[in-house]
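Take a look at the structure below.
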2 protein chains.
Amino acid sequence: MTAYDDLMAFQRETEALAQVAGRLGWDQETMMPRGAAEQRAEEMAAMEGVLHARRTDSRIADWLAAAVAVDDVAGAQLRLIRRSYDRATKVPATLAQEIARVTSMAQGIWAEARAKEDVPGFLPVLADVIRLRQEEGAALAQGGDVYDALLDDYEPGATAASIGAMFDRMRPRLVALRARVLGAAKQPPVLDAIFGAEGQLRLARDLATAFGYDWDRGRLDLAVHPFSSGSGDDARITTRVVEAEPFNCFYSTIHEVGHACYELGIDSDYRLSPLGAGVSMGVHESQSRIYENQLGRSRAFTGWLFGQMRERFGEFGINTADAFHGAVNRVSPGFIRTEADEVQYNLHIMMRFDLERALIAGDLAVGDLEAAWNDRFAADFGVKVERPSQGMLQDVHWSVGLFGYFPTYSLGNVYAGCLHRALRDDIPDLDAHLTRGETSPATEWLRERVQRHGGLRSPRETIAHACGFEPHEGPLLDYIEAKFAAIYDL
Amino acid sequence: MTAYDDLMAFQRETEALAQVAGRLGWDQETMMPRGAAEQRAEEMAAMEGVLHARRTDSRIADWLAAAVAVDDVAGAQLRLIRRSYDRATKVPATLAQEIARVTSMAQGIWAEARAKEDVPGFLPVLADVIRLRQEEGAALAQGGDVYDALLDDYEPGATAASIGAMFDRMRPRLVALRARVLGAAKQPPVLDAIFGAEGQLRLARDLATAFGYDWDRGRLDLAVHPFSSGSGDDARITTRVVEAEPFNCFYSTIHEVGHACYELGIDSDYRLSPLGAGVSMGVHESQSRIYENQLGRSRAFTGWLFGQMRERFGEFGINTADAFHGAVNRVSPGFIRTEADEVQYNLHIMMRFDLERALIAGDLAVGDLEAAWNDRFAADFGVKVERPSQGMLQDVHWSVGLFGYFPTYSLGNVYAGCLHRALRDDIPDLDAHLTRGETSPATEWLRERVQRHGGLRSPRETIAHACGFEPHEGPLLDYIEAKFAAIYDL
């Protein structure tokens, strides 16, 4: 056994334990009885303690010093282990464990506060979470920018400055487009009918199948906030059902299928190794978004979906595939990020990005967050937030400590735009397949170009390798402008 | 912090991790996608490695040497930790990890073999499991009896000799009773109707509620082989549904509720400590069995259940509560232990007890097990086994390495007999409550006398403390003889 072999064997056990911890998180949001929340927090903290001890085990430094990379794959493994070790050793074990414990409890408190529209009930624990993440960020930054240190955890190489500059380039085109769309004479119809929960779930399952989800290595359950979870041979997805909002269920499902297919599509040689997981949250989101939007919300695929819905649910007041495509992509003022259309989605992210930077920097007090959210929302969207569940309580992210995570959603959209341009160039007749509900030419292209490589390259290199050009926001904006110009006759 | 405090804090984290490992087992049998089995085996092995390292951590010896018990509770905690440490340090880490890995895989292989009636497909992994458990037993026994060492894990203080002697005293009375019952002129009716799966599950949930199951700290799912899982504030149960066999679903559910209520009923001060779990499998089974049999299959409670079934499912061919009570308790030749009546159940155990002792002693080769099972079944039950799923493939236990476990079922029955005698003495009007579907006088008595104490006393002391007399098989046999004499007009 070489030092490299020893290191990889140790790492493999750590990855297996990380999968266990992840599945505990899945259980918490899908299966766990309510009364178990407090005990679960202790269980999560104990797992976090185990993982932290392993990730900071001093033998890793010795192995890293002695290990020799015989090829590019081994080189990439060592690079990722070194990165993880460097980060883990900067955070004290007690802090890592406290973060696990508090965020586990905070999630339940958030869910209850959201159900009860109870901001004051949520603020104390949110303040704790922010304080702990500030401490962690400071430990990681070692004098550098605290927010950048947190962001780098989700998107290696990204900085608030680069994201901010990208947002500055995106904002004017999106705001201008939104104004033209909302002012257009032609407006798509609104879906206004009830679709039974069971029928929605059945179609959601069929959509997952249509996008190539491997049911032998996954499952679909209900959750308050849809998510995907797990890697290797066990990547599960969740969705939610509201009887008046079937698109929510269907497109949440397709979105999570994109995430899960990324994990399931990684080369099985990388299983339970550092390379065996999506390389960053941004690249992850590029997969979920291209499945959901560029493929799932395309004119071609919605034509197929229109037929499916008519067949299964009967007439529902929308009578042509063009009108249905418009309804699926309708742009309207709305409060909820996860339900936002492609024109406005990134504007939601820009707002969260600014607010969370202010929270982490200490420029915005937790007690002022609700007012800040509502003021900013009124300014950016022209609508008054009436209930906290429409506003600052809508997302789970901050409760579980995900600061620096939101901008990766926009990066994912930008990457999806790049991938979509390259994919369309490579497969000119893609629409002929999508029209029949066949996504495999696209999903196989994505699997081959992006998914199977896992963590082999950096996030930006991963996209550049797949597309043949450096990623930038241009293709996404071009795509959005063309798509909505067609729908709204601009 | 004293040495005792340090030890208990360390132990608490270990117990939390053990809960995580247990929940992984629950997931495997209820939720896990099939294709994840191999990866799951690695995850289980990694968890087992972590737990084994903690249970053999040399600091435990130091803490135990320095710790002072300030009261009986602390004394009991130290006694249990010492016992666990002594046992854990005798088993090499690699062996413990290999057992976890192989048994995790073997369970899937067993399930598939059972579905396909494929004994040869199961034997290789069974041979591995037996070999590994023999090695473990030898390491534990240190020259003593290997089977006793395994048995002691589930039932501290029990030996094959004491169990064998008890079975020798039980067998003649049970065999004689069976002969009289099967030859009786009066025979209860057979339930012969179809009961919809959804309706069964709804009633199963209501039965769990009737027996005091705390839904806020548990949940009910489907599994091939019903089981309960978890401790503290998260004790989950499973059941199965066969449309022609509603009693299977209902009484499996009540049985598992008994197990779960034991865990949930333990004093919350003991949560995530050695005292915070059922003291032995035998005492555990006493709770599940008294819920299921002495309470659930009593004339009084079945009267209430009869009304419920008529109300929910309409007429089903049995028209009086007496006849229904007879149908619930009907004695007939049958292959499946979990479906066996109270007269024959322990005869199933006696057979497994002898076979598994022979397997562990090396007196019976795995390749000869099917023939040995079928011969013994024909001798003891007078019926020829026609399919392995009726025979040696019916139970999950051996596939997951549970050798020495089966006799604890009979011990549980014996303990339940003792508790029932004491309970009836204390609550003379119990039947008046059971007739209305109210079990709380009995379940509260059990909670107070047995459940809340967790691991405070040894298994036999636990029962003796609750009953006021030393446990023996007499009360169980007296109860069974009286009950079936009444049903069969003997």
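Every chain in the structure tokens has a letter given in the order shown (A, B, ...), and although residue numbers restart at 1 in each chain, ligands are simply numbered from 1 in the order shown.
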
Define the interface residues of chain A facing chain B as those within 9 Å, counting only C-alpha atoms, and report them as a ChimeraX atom specification. /A:13-21,23-24,27,31-40,42-47,50,215-219,232-234,236,271-272

Check the DSSP output for the backbone and give back, as a VMD selection string, the residues of region 110-301 of chain B in alpha helix (DSSP H). chain B and resid 110 to 116 119 to 141 146 to 154 160 to 182 197 to 210 246 to 265 281 to 289 299 to 301

By how many Å are CA of Tyr262 (chain B) and CA of Arg447 (chain B) apart?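 Going from CA of Tyr262 (chain B) over to CA of Arg447 (chain B), I get 7.2 Å.
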
What lies within 10 Å of Glu285 (chain B) using only C-alpha atoms, ignoring chain neighbours under 6 positions off, as a PyMOL selection string? chain B and resi 255-256+258-259+262+278+291+408-416

Might you pull out every residue within 9 Å of Gly199 (chain A), with only C-alpha atoms counted and same-chain residues fewer than 5 positions away left off, and present them as a ChimeraX atom specification? /A:204,312-313

Hey, can you spit out that residue selection with all heavy atoms as an mmCIF file, in the first residue's frame?
```cif
data_model
loop_
_atom_site.group_PDB
_atom_site.id
_atom_site.type_symbol
_atom_site.label_atom_id
_atom_site.label_comp_id
_atom_site.auth_asym_id
_atom_site.auth_seq_id
_atom_site.Cartn_x
_atom_site.Cartn_y
_atom_site.Cartn_z
ATOM 1 N N ALA A 204 -45.413 13.568 -12.329
ATOM 2 C CA ALA A 204 -44.064 13.948 -11.890
ATOM 3 C C ALA A 204 -43.119 12.756 -12.015
ATOM 4 O O ALA A 204 -41.971 12.893 -12.465
ATOM 5 C CB ALA A 204 -44.099 14.455 -10.444
ATOM 6 N N ARG A 312 -54.354 13.161 -19.330
ATOM 7 C CA ARG A 312 -54.501 12.673 -17.967
ATOM 8 C C ARG A 312 -55.545 13.446 -17.165
ATOM 9 O O ARG A 312 -56.220 12.882 -16.307
ATOM 10 C CB ARG A 312 -53.170 12.776 -17.223
ATOM 11 C CG ARG A 312 -52.123 11.826 -17.756
ATOM 12 C CD ARG A 312 -50.745 12.307 -17.361
ATOM 13 N NE ARG A 312 -49.704 11.518 -17.982
ATOM 14 C CZ ARG A 312 -48.861 10.750 -17.310
ATOM 15 N NH1 ARG A 312 -48.927 10.654 -16.012
ATOM 16 N NH2 ARG A 312 -47.931 10.076 -17.947
ATOM 17 N N PHE A 313 -55.617 14.760 -17.406
ATOM 18 C CA PHE A 313 -56.493 15.584 -16.561
ATOM 19 C C PHE A 313 -57.710 16.101 -17.320
ATOM 20 O O PHE A 313 -58.552 16.770 -16.746
ATOM 21 C CB PHE A 313 -55.704 16.776 -15.996
ATOM 22 C CG PHE A 313 -54.551 16.404 -15.103
ATOM 23 C CD1 PHE A 313 -53.247 16.428 -15.572
ATOM 24 C CD2 PHE A 313 -54.766 16.005 -13.786
ATOM 25 C CE1 PHE A 313 -52.175 16.083 -14.750
ATOM 26 C CE2 PHE A 313 -53.704 15.661 -12.953
ATOM 27 C CZ PHE A 313 -52.405 15.699 -13.440
#
```

As an MDAnalysis selection string, please: the residues near Asp269 (chain A) (cut-off 10 Å, only C-alpha atoms, same-chain neighbours under 5 positions excluded). chainID A and resid 232 275:276 452

Closest of B:Ala53, B:Ala464, B:Ala113, B:Val241 to Ala93 (chain B) - atom-to-atom distances counting only C-alpha atoms: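 Under the stated criterion, the closest residue is B:Ala53.
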
Which of these, A:Asp431, A:Asp221, A:Glu386, A:Asp57, has the shortest distance to Glu370 (chain A) once you count only C-alpha atoms? A:Glu386

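Going from CA of Leu402 (chain A) over to CA of Gly121 (chain A), you cover 19.4 Å.
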
Excluding same-chain residues fewer than 5 positions from Gly474 (chain B), what lies within 12 Å of it counting only C-alpha atoms, as a list in words? Met166, Phe167, Arg169, Met170, Arg173, Leu174, Asn413, Val414, Tyr415, Ala416, Gly417, Cys418, Leu419, His420, Arg421, Phe469, Tyr479, Ile480 and Glu481 of chain B

Which one of B:Val385, B:Val70, B:Ala96, B:Asp395 sits closest to Leu51 (chain B) if you count only C-alpha atoms?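 Answer, going by the shortest atom-to-atom distance: B:Ala96.
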
Need the shell around Val181 (chain A): protein/DNA/RNA residues with any atom at most 9 Å away, counting only C-alpha atoms. Skip same-chain ones fewer than 4 positions apart. Format as number ranges by chain? A: 176-177, 185-187, 331, 484-485, 488-490
